[in-house]
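Note: the block below is protein.tsv and it holds TSV, C-alpha atoms.
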chain	number	residue	atom	x	y	z
V	1	MET	CA	74.71	-191.39	38.48
V	2	THR	CA	71.08	-190.28	38.17
V	3	LEU	CA	70.11	-186.93	39.64
V	4	ASP	CA	67.11	-186.67	41.96
V	5	ARG	CA	64.65	-184.15	40.59
V	6	ARG	CA	63.94	-182.40	43.89
V	7	HIS	CA	67.65	-181.92	44.59
V	8	PHE	CA	68.26	-180.62	41.07
V	9	LEU	CA	65.59	-177.99	40.82
V	10	GLN	CA	66.92	-174.78	42.31
V	11	LEU	CA	64.06	-172.52	41.36
V	12	GLY	CA	64.84	-168.91	42.09
V	13	ALA	CA	63.08	-167.43	39.07
V	14	LEU	CA	59.46	-167.41	40.13
V	15	GLY	CA	57.66	-164.37	38.79
V	16	GLY	CA	56.53	-161.60	41.06
V	17	PRO	CA	53.89	-158.90	40.61
V	18	PHE	CA	53.52	-157.92	36.98
V	19	LEU	CA	53.10	-154.38	35.74
V	20	SER	CA	50.58	-153.07	33.27
V	21	ALA	CA	51.92	-152.55	29.79
V	22	GLY	CA	49.16	-150.14	28.86
V	23	ALA	CA	50.32	-147.48	31.30
V	24	ARG	CA	53.82	-147.56	29.84
V	25	GLY	CA	52.99	-147.62	26.14
V	26	SER	CA	54.02	-150.33	23.68
V	27	LEU	CA	56.32	-151.07	20.78
V	28	SER	CA	55.51	-153.60	18.10
V	29	THR	CA	59.17	-154.30	17.45
V	30	VAL	CA	62.25	-154.06	19.62
V	31	GLY	CA	65.78	-154.02	18.26
V	32	ALA	CA	67.98	-156.97	19.23
V	33	ARG	CA	70.88	-154.67	20.07
V	34	GLY	CA	68.72	-152.71	22.50
V	35	PHE	CA	67.60	-155.87	24.21
V	36	SER	CA	71.17	-157.15	24.36
V	37	ARG	CA	72.47	-153.99	26.03
V	38	ALA	CA	69.57	-153.97	28.46
V	39	ALA	CA	70.09	-157.64	29.28
V	40	ASP	CA	73.77	-157.06	30.03
V	41	SER	CA	72.81	-154.20	32.33
V	42	ALA	CA	70.07	-156.17	34.08
V	43	ALA	CA	72.37	-159.16	34.57
V	44	ALA	CA	74.95	-156.92	36.15
V	45	THR	CA	72.55	-155.18	38.54
V	46	ALA	CA	70.08	-157.93	39.49
V	47	ASP	CA	72.25	-158.93	42.45
V	48	ASP	CA	75.38	-157.03	41.40
V	49	ARG	CA	78.07	-159.12	43.11
V	50	VAL	CA	76.19	-162.24	44.19
V	51	VAL	CA	77.35	-165.41	42.40
V	52	ARG	CA	74.72	-168.16	42.43
V	53	LEU	CA	76.38	-171.51	41.70
V	54	SER	CA	73.17	-173.49	41.42
V	55	GLY	CA	70.67	-173.58	38.61
V	56	ASP	CA	71.05	-172.50	35.00
V	57	GLY	CA	69.99	-168.85	35.17
V	58	LEU	CA	70.16	-165.68	37.21
V	59	GLY	CA	67.59	-166.90	39.74
V	60	LEU	CA	65.69	-163.61	39.80
V	61	SER	CA	63.69	-162.96	42.95
V	62	PRO	CA	60.15	-161.59	42.61
V	63	ALA	CA	61.42	-158.07	43.30
V	64	GLN	CA	64.23	-158.43	40.73
V	65	TYR	CA	61.83	-159.86	38.17
V	66	ALA	CA	59.50	-156.90	38.67
V	67	ALA	CA	62.47	-154.53	38.31
V	68	VAL	CA	63.48	-156.14	35.00
V	69	LEU	CA	59.92	-155.81	33.71
V	70	THR	CA	59.84	-152.17	34.78
V	71	ARG	CA	63.08	-151.49	32.93
V	72	ILE	CA	61.76	-153.15	29.77
V	73	LEU	CA	58.54	-151.16	29.94
V	74	ASP	CA	60.32	-147.88	30.60
V	75	GLU	CA	63.12	-148.26	28.06
V	76	ARG	CA	61.58	-150.31	25.24
V	77	GLY	CA	57.91	-150.86	25.85
V	78	VAL	CA	55.92	-154.04	25.40
V	79	ALA	CA	53.15	-154.86	22.95
V	80	PRO	CA	50.80	-157.10	24.96
V	81	ASP	CA	49.41	-160.32	23.53
V	82	SER	CA	45.80	-161.48	23.52
V	83	TYR	CA	45.42	-165.07	24.68
V	84	THR	CA	49.06	-165.77	23.84
V	85	LEU	CA	48.73	-164.45	20.29
V	86	GLY	CA	50.41	-161.39	18.82
V	87	GLY	CA	52.40	-158.66	20.52
V	88	VAL	CA	55.68	-159.47	22.20
V	89	VAL	CA	54.79	-163.18	22.21
V	90	GLU	CA	54.77	-163.20	18.42
V	91	GLU	CA	58.05	-161.29	18.35
V	92	LEU	CA	59.62	-163.83	20.70
V	93	GLU	CA	58.39	-166.68	18.50
V	94	GLU	CA	59.87	-165.08	15.39
V	95	GLN	CA	63.26	-164.52	17.00
V	96	PHE	CA	63.48	-168.07	18.32
V	97	ALA	CA	62.40	-169.50	14.96
V	98	ARG	CA	65.34	-167.67	13.37
V	99	ALA	CA	67.77	-168.68	16.11
V	100	LEU	CA	66.77	-172.34	15.80
V	101	GLY	CA	66.64	-172.33	11.99
V	102	LYS	CA	62.97	-173.33	11.83
V	103	GLU	CA	60.07	-171.94	9.83
V	104	ARG	CA	57.83	-171.30	12.81
V	105	ALA	CA	57.86	-171.24	16.61
V	106	ILE	CA	55.09	-171.17	19.20
V	107	PHE	CA	55.06	-170.16	22.86
V	108	MET	CA	54.06	-172.85	25.35
V	109	PRO	CA	53.48	-172.20	29.06
V	110	THR	CA	55.54	-175.27	30.07
V	111	GLY	CA	58.15	-177.60	28.64
V	112	THR	CA	55.87	-180.53	29.45
V	113	LEU	CA	53.25	-179.17	27.08
V	114	ALA	CA	55.88	-178.36	24.44
V	115	ASN	CA	57.22	-181.93	24.42
V	116	HIS	CA	53.73	-183.40	24.43
V	117	MET	CA	52.45	-181.19	21.60
V	118	ALA	CA	55.54	-182.00	19.52
V	119	VAL	CA	55.38	-185.79	19.71
V	120	ARG	CA	51.57	-185.71	19.38
V	121	ALA	CA	51.76	-183.67	16.17
V	122	LEU	CA	54.64	-185.65	14.67
V	123	ALA	CA	53.05	-189.02	15.48
V	124	ASN	CA	49.76	-188.01	13.84
V	125	GLY	CA	47.80	-190.72	15.58
V	126	SER	CA	48.31	-193.67	17.90
V	127	SER	CA	51.79	-195.15	17.45
V	128	ARG	CA	55.10	-195.80	19.18
V	129	VAL	CA	57.58	-193.09	20.21
V	130	VAL	CA	61.18	-193.99	21.05
V	131	VAL	CA	62.54	-192.05	24.04
V	132	GLN	CA	65.42	-192.18	26.50
V	133	GLU	CA	64.55	-194.04	29.67
V	134	GLU	CA	66.18	-191.16	31.57
V	135	SER	CA	64.34	-188.45	29.63
V	136	HIS	CA	62.05	-185.81	31.06
V	137	LEU	CA	59.31	-186.87	28.64
V	138	TYR	CA	59.34	-190.42	29.99
V	139	GLN	CA	60.06	-189.80	33.68
V	140	ASP	CA	58.66	-186.42	34.65
V	141	GLU	CA	55.64	-185.51	32.55
V	142	GLY	CA	52.93	-187.56	34.21
V	143	ASP	CA	52.49	-190.02	31.31
V	144	CYS	CA	50.81	-187.21	29.39
V	145	ALA	CA	51.65	-188.60	25.94
V	146	GLN	CA	50.34	-192.03	26.89
V	147	THR	CA	47.24	-190.88	28.76
V	148	LEU	CA	46.12	-187.93	26.65
V	149	SER	CA	47.38	-188.81	23.16
V	150	HIS	CA	47.40	-192.64	23.22
V	151	LEU	CA	51.08	-192.85	22.30
V	152	VAL	CA	53.20	-195.79	23.41
V	153	LEU	CA	56.57	-194.60	24.69
V	154	MET	CA	59.39	-197.08	24.07
V	155	PRO	CA	62.18	-196.29	26.59
V	156	LEU	CA	65.76	-197.11	25.59
V	157	GLY	CA	69.17	-196.72	27.23
V	158	ALA	CA	68.19	-197.46	30.83
V	159	GLY	CA	70.49	-195.62	33.22
V	160	ARG	CA	72.33	-193.86	30.38
V	161	ALA	CA	72.12	-190.45	28.73
V	162	SER	CA	72.20	-192.01	25.27
V	163	PHE	CA	70.85	-194.96	23.39
V	164	THR	CA	72.27	-196.38	20.17
V	165	ALA	CA	71.14	-196.70	16.59
V	166	ALA	CA	71.27	-200.47	17.12
V	167	ASP	CA	68.80	-200.07	19.99
V	168	VAL	CA	66.44	-198.20	17.68
V	169	GLN	CA	66.87	-200.76	14.89
V	170	HIS	CA	65.94	-203.52	17.33
V	171	VAL	CA	62.66	-201.75	18.21
V	172	ILE	CA	61.89	-201.16	14.54
V	173	ASP	CA	62.55	-204.81	13.67
V	174	GLN	CA	60.40	-206.04	16.55
V	175	THR	CA	57.58	-203.75	15.51
V	176	LYS	CA	57.67	-204.84	11.90
V	177	SER	CA	57.56	-208.54	12.83
V	178	ALA	CA	54.87	-208.26	15.50
V	179	ARG	CA	51.53	-210.05	15.11
V	180	VAL	CA	49.81	-206.67	15.39
V	181	VAL	CA	51.67	-203.93	13.56
V	182	SER	CA	52.17	-200.67	15.46
V	183	ARG	CA	54.39	-198.22	13.70
V	184	VAL	CA	57.31	-196.31	15.21
V	185	SER	CA	56.50	-192.75	14.19
V	186	VAL	CA	58.76	-190.53	16.30
V	187	ILE	CA	62.13	-190.57	18.05
V	188	SER	CA	62.48	-188.02	20.85
V	189	ILE	CA	65.95	-187.13	22.09
V	190	GLU	CA	66.79	-184.99	25.10
V	191	THR	CA	70.19	-183.34	25.30
V	192	PRO	CA	71.73	-182.39	27.61
V	193	VAL	CA	70.02	-184.84	29.97
V	194	ARG	CA	68.95	-183.33	33.28
V	195	ARG	CA	68.65	-186.68	35.07
V	196	LYS	CA	72.24	-187.45	34.07
V	197	GLN	CA	73.56	-184.14	35.38
V	198	GLY	CA	73.78	-182.37	32.05
V	199	GLU	CA	75.44	-185.20	30.13
V	200	ARG	CA	75.14	-184.81	26.37
V	201	PHE	CA	73.67	-187.36	24.00
V	202	ASP	CA	76.45	-189.27	22.21
V	203	ALA	CA	77.22	-187.32	19.02
V	204	GLY	CA	78.29	-190.35	16.97
V	205	GLU	CA	75.17	-192.34	17.80
V	206	LEU	CA	72.97	-189.31	17.17
V	207	LYS	CA	74.33	-189.04	13.63
V	208	LYS	CA	73.52	-192.72	13.02
V	209	ILE	CA	70.05	-192.36	14.52
V	210	ASN	CA	69.33	-189.36	12.30
V	211	ALA	CA	70.28	-191.39	9.22
V	212	LEU	CA	68.20	-194.37	10.35
V	213	ALA	CA	65.17	-192.17	11.03
V	214	LYS	CA	65.41	-190.63	7.57
V	215	GLU	CA	65.65	-194.07	5.98
V	216	GLU	CA	62.63	-195.36	7.92
V	217	GLY	CA	60.49	-192.24	7.56
V	218	ILE	CA	60.50	-191.63	11.32
V	219	ARG	CA	60.18	-188.04	12.51
V	220	LEU	CA	62.50	-186.52	15.11
V	221	HIS	CA	61.87	-184.30	18.13
V	222	LEU	CA	64.61	-182.61	20.16
V	223	ASP	CA	64.03	-181.86	23.83
V	224	GLY	CA	66.61	-179.10	23.81
V	225	ALA	CA	65.49	-177.39	27.01
V	226	ARG	CA	69.14	-176.55	27.70
V	227	LEU	CA	70.33	-176.54	24.09
V	228	PHE	CA	71.82	-173.05	24.29
V	229	LEU	CA	73.87	-174.12	27.31
V	230	GLN	CA	75.13	-177.18	25.46
V	231	ALA	CA	76.20	-175.04	22.51
V	232	ALA	CA	78.64	-173.13	24.71
V	233	TYR	CA	80.45	-176.39	25.52
V	234	THR	CA	80.42	-177.95	22.05
V	235	GLY	CA	80.86	-174.84	19.93
V	236	GLU	CA	78.01	-175.99	17.70
V	237	ASP	CA	75.50	-173.54	16.28
V	238	VAL	CA	72.06	-174.25	17.75
V	239	ALA	CA	70.38	-173.98	14.35
V	240	ALA	CA	72.84	-176.44	12.78
V	241	TYR	CA	72.37	-178.87	15.67
V	242	SER	CA	68.58	-178.58	15.39
V	243	ALA	CA	68.52	-179.00	11.61
V	244	PRO	CA	67.97	-182.81	11.46
V	245	PHE	CA	65.06	-182.58	13.92
V	246	ASP	CA	61.53	-181.80	12.80
V	247	THR	CA	60.74	-180.02	16.07
V	248	VAL	CA	62.79	-178.61	18.93
V	249	TYR	CA	61.78	-177.35	22.38
V	250	VAL	CA	63.77	-174.78	24.36
V	251	SER	CA	63.06	-173.66	27.92
V	252	LEU	CA	62.47	-169.97	28.60
V	253	TYR	CA	62.70	-170.03	32.39
V	254	LYS	CA	65.87	-172.04	32.98
V	255	TYR	CA	68.39	-169.52	31.67
V	256	PHE	CA	66.42	-166.94	29.70
V	257	ASN	CA	65.03	-166.01	33.12
V	258	ALA	CA	61.30	-165.84	32.32
V	259	ALA	CA	59.00	-166.74	35.19
V	260	SER	CA	57.71	-169.61	33.04
V	261	GLY	CA	57.41	-170.67	29.44
V	262	ALA	CA	58.85	-172.65	26.57
V	263	ILE	CA	59.32	-172.39	22.83
V	264	LEU	CA	58.47	-175.14	20.36
V	265	ALA	CA	59.85	-174.63	16.86
V	266	GLY	CA	59.41	-176.61	13.66
V	267	PRO	CA	58.03	-176.61	10.14
V	268	ARG	CA	55.07	-174.48	9.12
V	269	ASP	CA	52.74	-177.44	8.60
V	270	VAL	CA	53.33	-178.63	12.19
V	271	ILE	CA	53.38	-175.34	14.08
V	272	ASP	CA	50.79	-173.24	12.23
V	273	GLY	CA	47.43	-173.81	13.84
V	274	MET	CA	48.92	-175.49	16.91
V	275	TYR	CA	47.53	-172.65	19.03
V	276	HIS	CA	44.19	-174.48	18.74
V	277	THR	CA	45.67	-177.61	20.32
V	278	ARG	CA	47.49	-175.51	22.88
V	279	ARG	CA	44.18	-173.98	23.93
V	280	MET	CA	42.48	-177.39	23.99
V	281	PHE	CA	45.05	-178.56	26.54
V	282	GLY	CA	44.60	-175.43	28.67
V	283	GLY	CA	47.71	-173.61	27.49
V	284	GLY	CA	46.11	-170.55	25.90
V	285	LEU	CA	46.99	-168.08	28.66
V	286	SER	CA	45.04	-164.83	28.59
V	287	SER	CA	48.30	-162.87	28.90
V	288	ALA	CA	51.79	-164.26	28.37
V	289	TRP	CA	53.61	-160.96	27.80
V	290	PRO	CA	55.27	-160.89	31.26
V	291	PHE	CA	57.00	-164.17	30.37
V	292	ALA	CA	57.74	-163.39	26.73
V	293	ALA	CA	59.10	-159.88	27.37
V	294	VAL	CA	61.69	-161.11	29.87
V	295	ALA	CA	62.80	-164.06	27.71
V	296	LEU	CA	63.15	-161.76	24.72
V	297	HIS	CA	65.10	-159.37	26.93
V	298	TYR	CA	67.77	-162.01	27.65
V	299	LEU	CA	67.91	-163.84	24.30
V	300	PRO	CA	70.18	-161.49	22.28
V	301	GLY	CA	73.81	-161.90	23.24
V	302	PHE	CA	73.15	-164.88	25.48
V	303	GLY	CA	75.76	-167.04	23.75
V	304	ASP	CA	78.50	-164.46	24.32
V	305	ARG	CA	77.50	-163.83	27.94
V	306	PHE	CA	77.25	-167.50	28.81
V	307	GLY	CA	80.49	-168.20	26.97
V	308	ARG	CA	82.23	-165.72	29.28
V	309	ALA	CA	80.70	-167.48	32.29
V	310	VAL	CA	81.97	-170.84	31.03
V	311	LYS	CA	85.46	-169.41	30.60
V	312	THR	CA	85.38	-168.07	34.17
V	313	SER	CA	84.18	-171.43	35.49
V	314	GLU	CA	86.97	-173.30	33.70
V	315	GLU	CA	89.59	-171.00	35.24
V	316	LEU	CA	87.99	-171.47	38.64
V	317	ILE	CA	87.98	-175.26	38.22
V	318	ARG	CA	91.69	-175.23	37.32
V	319	ALA	CA	92.52	-173.09	40.34
V	320	LEU	CA	90.52	-175.22	42.78
V	321	GLY	CA	92.00	-178.40	41.32
V	322	GLN	CA	95.46	-177.22	42.39
V	323	HIS	CA	94.40	-176.94	46.05
V	324	ARG	CA	94.60	-180.09	48.19
V	325	SER	CA	91.31	-179.31	49.95
V	326	PHE	CA	89.27	-179.40	46.74
V	327	ALA	CA	88.53	-182.11	44.21
V	328	VAL	CA	86.50	-181.52	41.06
V	329	GLU	CA	84.60	-184.30	39.31
V	330	ARG	CA	83.49	-183.50	35.78
V	331	VAL	CA	80.53	-185.01	33.94
V	332	SER	CA	81.64	-186.49	30.61
V	333	PRO	CA	80.53	-185.53	28.07
V	334	GLY	CA	79.00	-182.80	30.20
V	335	THR	CA	77.80	-179.23	30.15
V	336	ASN	CA	77.28	-176.78	33.00
V	337	LEU	CA	77.21	-179.08	36.05
V	338	PHE	CA	80.13	-180.51	38.01
V	339	HIS	CA	80.78	-181.89	41.49
V	340	LEU	CA	83.01	-180.14	44.00
V	341	GLN	CA	84.34	-182.11	46.97
V	342	VAL	CA	85.59	-180.18	50.01
V	343	ARG	CA	88.12	-182.10	52.10
V	344	GLY	CA	88.98	-181.49	55.74
V	345	ALA	CA	86.26	-178.92	56.36
V	346	ASP	CA	82.63	-179.03	57.43
V	347	ALA	CA	80.72	-178.68	54.17
V	348	ALA	CA	77.71	-176.89	55.70
V	349	ALA	CA	79.94	-174.38	57.50
V	350	PHE	CA	81.99	-173.87	54.33
V	351	ARG	CA	78.79	-173.14	52.44
V	352	THR	CA	77.71	-170.61	55.08
V	353	ARG	CA	81.06	-168.80	54.95
V	354	LEU	CA	80.88	-168.60	51.16
V	355	ALA	CA	77.35	-167.21	51.35
V	356	GLN	CA	78.58	-164.49	53.68
V	357	GLN	CA	80.93	-163.47	50.86
V	358	GLY	CA	78.15	-163.45	48.26
V	359	ILE	CA	78.78	-166.88	46.69
V	360	ASN	CA	75.85	-169.25	47.00
V	361	LEU	CA	76.11	-173.04	46.66
V	362	SER	CA	73.32	-175.60	46.78
V	363	ALA	CA	73.03	-177.78	49.89
V	364	PRO	CA	75.85	-180.35	50.13
V	365	GLN	CA	75.44	-184.10	49.81
V	366	GLY	CA	77.97	-185.23	52.38
V	367	ASP	CA	81.17	-183.39	51.50
V	368	ARG	CA	80.18	-182.79	47.86
V	369	PHE	CA	78.38	-179.93	46.13
V	370	LEU	CA	76.66	-179.99	42.76
V	371	VAL	CA	77.83	-176.76	41.12
V	372	GLY	CA	75.94	-175.06	38.30
V	373	VAL	CA	77.55	-172.67	35.83
V	374	ASN	CA	75.43	-169.67	34.87
V	375	GLU	CA	75.70	-165.98	33.99
V	376	THR	CA	76.18	-164.84	37.59
V	377	LEU	CA	79.80	-165.99	37.25
V	378	ASN	CA	80.36	-162.92	35.08
V	379	ARG	CA	80.06	-160.78	38.22
V	380	ARG	CA	83.52	-161.64	39.57
V	381	ALA	CA	86.99	-162.46	38.26
V	382	PRO	CA	88.19	-166.08	38.43
V	383	ALA	CA	91.10	-165.25	40.74
V	384	GLU	CA	88.78	-163.47	43.18
V	385	LEU	CA	86.40	-166.43	43.18
V	386	ALA	CA	89.20	-168.93	43.80
V	387	ASP	CA	90.60	-166.82	46.64
V	388	THR	CA	87.15	-166.57	48.26
V	389	PHE	CA	86.72	-170.35	48.07
V	390	THR	CA	90.11	-170.89	49.69
V	391	ARG	CA	89.49	-168.39	52.49
V	392	ALA	CA	86.10	-170.01	53.23
V	393	LEU	CA	87.92	-173.19	54.29
V	394	ALA	CA	89.10	-171.53	57.49
V	395	SER	CA	86.91	-171.98	60.59
Represent the supplied structure as structure tokens.
Amino acid sequence: MTLDRRHFLQLGALGGPFLSAGARGSLSTVGARGFSRAADSAAATADDRVVRLSGDGLGLSPAQYAAVLTRILDERGVAPDSYTLGGVVEELEEQFARALGKERAIFMPTGTLANHMAVRALANGSSRVVVQEESHLYQDEGDCAQTLSHLVLMPLGAGRASFTAADVQHVIDQTKSARVVSRVSVISIETPVRRKQGERFDAGELKKINALAKEEGIRLHLDGARLFLQAAYTGEDVAAYSAPFDTVYVSLYKYFNAASGAILAGPRDVIDGMYHTRRMFGGGLSSAWPFAAVALHYLPGFGDRFGRAVKTSEELIRALGQHRSFAVERVSPGTNLFHLQVRGADAAAFRTRLAQQGINLSAPQGDRFLVGVNETLNRRAPAELADTFTRALAS
């Protein structure tokens, strides 16, 4: 099942009024432990008891976002950037480069630009780029790679989260035997796949594709917008998973709660100097510190916090599965999205009653809800959540 983009996007993390760093002072470096403690505190107080079962992050309101910025400025300070260079932006880039096991990282204002800049740099001229037919790069980025960088995207795996090494070999063979040779320079892989409700790319095929790419001299890009979420379900280290890829993109707004932004990481020869290309494409923001400071605020300790949320969600799923009025449908191999069917009750009224108890679900599709696991689940115990769900069945 393919997920409609408008239904999927539950954007509650749009930035509000930003506060001046100069009036609060600045720090050139901020300890990871300090940020981790502050992030735990902010996560606990942003809505305190409200559990938001849609989207990947906390869904900060403008007022909450401003409050988080105020706390950062008061407790730790922020070194502002200048046109997205230096200051807290540079610190964020350094921390993500380490977390992803890459030599360098660069801030991008959007994931669209991060993906585009990656495949453009790796292709190094007009060529073919293999992508998933269901990928964000192919479906949702306005043909930017084709229109602005003259790259030919070769979509594989129609209707599926994954394609196979055999699929890639077929494209390579066709290209080599064509009357006019056009090289395959890059393979871009998105995982987990948003359009397939967080389904992961097939691990066995990915290993074969990595080997084939190495043999053919094809470079690899990872659209890992939700890579840190995936890691909580697979147990894999994000740096180890990213290692075979030349470049990797990670979203900053989806679950690191920035108002916007992305990180693109890779080797020094690809990333160094990319700020020129970023500026050419209109991505050299005059000030990015309000985005970078919040993302850096939530990065340390994220794996542990999200791991606790996953554990809570699994206990909730088990409890609901034992009740005749609920049916849970998992995505396999999935991550933080699942379907919840409510039987014998009006779904809209059920949703309203849950909201009155501080548990927010996305709008139902018939009698089914798409449920998202995120850090807000840490605000209540699994037994309390299950009991609230059960009581909300009553009219």
So, counting all atoms listed in the file, which residue among V:Val180, V:Ile209, V:Ala145, V:Val294 is closest to Gln64 in chain V?
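Answer, going by the shortest atom-to-atom distance: V:Val294.
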In Å, with one decimal, what is the gap from CA of Glu134 in chain V to CA of Gly282 in chain V?
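Interatomic distance here is 26.9 Å.
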What separation in Å, quoted to one decimal, exists between CA of Gly217 in chain V and CA of Met108 in chain V?
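Taking CA of Gly217 in chain V and CA of Met108 in chain V, their separation equals 27.1 Å.
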From the set V:Arg330, V:Arg318, V:Arg380, V:Arg278, which residue has the shortest atom-to-atom contact distance to Leu85 in chain V, counting only C-alpha atoms?
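Ranking V:Arg330, V:Arg318, V:Arg380, V:Arg278 by distance to Leu85 in chain V, first place goes to V:Arg278.
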All residues 8 Å or closer to Ala386 in chain V, all atoms listed in the file, same chain fewer than 5 positions away omitted, as a list in words:
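That gives Leu316, Ala319 and Leu320 of chain V.
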Separation of CA of Ala118 in chain V from CA of Ile218 in chain V in Å:
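Taking CA of Ile218 in chain V and CA of Ala118 in chain V, their separation equals 13.6 Å.
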Would you pick out the contacts of Asp269 in chain V at 12 Å or less, using all atoms listed in the file, so that residues sharing its chain but fewer than 3 positions from it are not included, and give the list as a list in words?
Lys102, Glu103, Arg104, Ala105, Ala121, Leu122, Asp246, Thr247, Ala265, Gly266, Asp272, Gly273 and Met274 of chain V
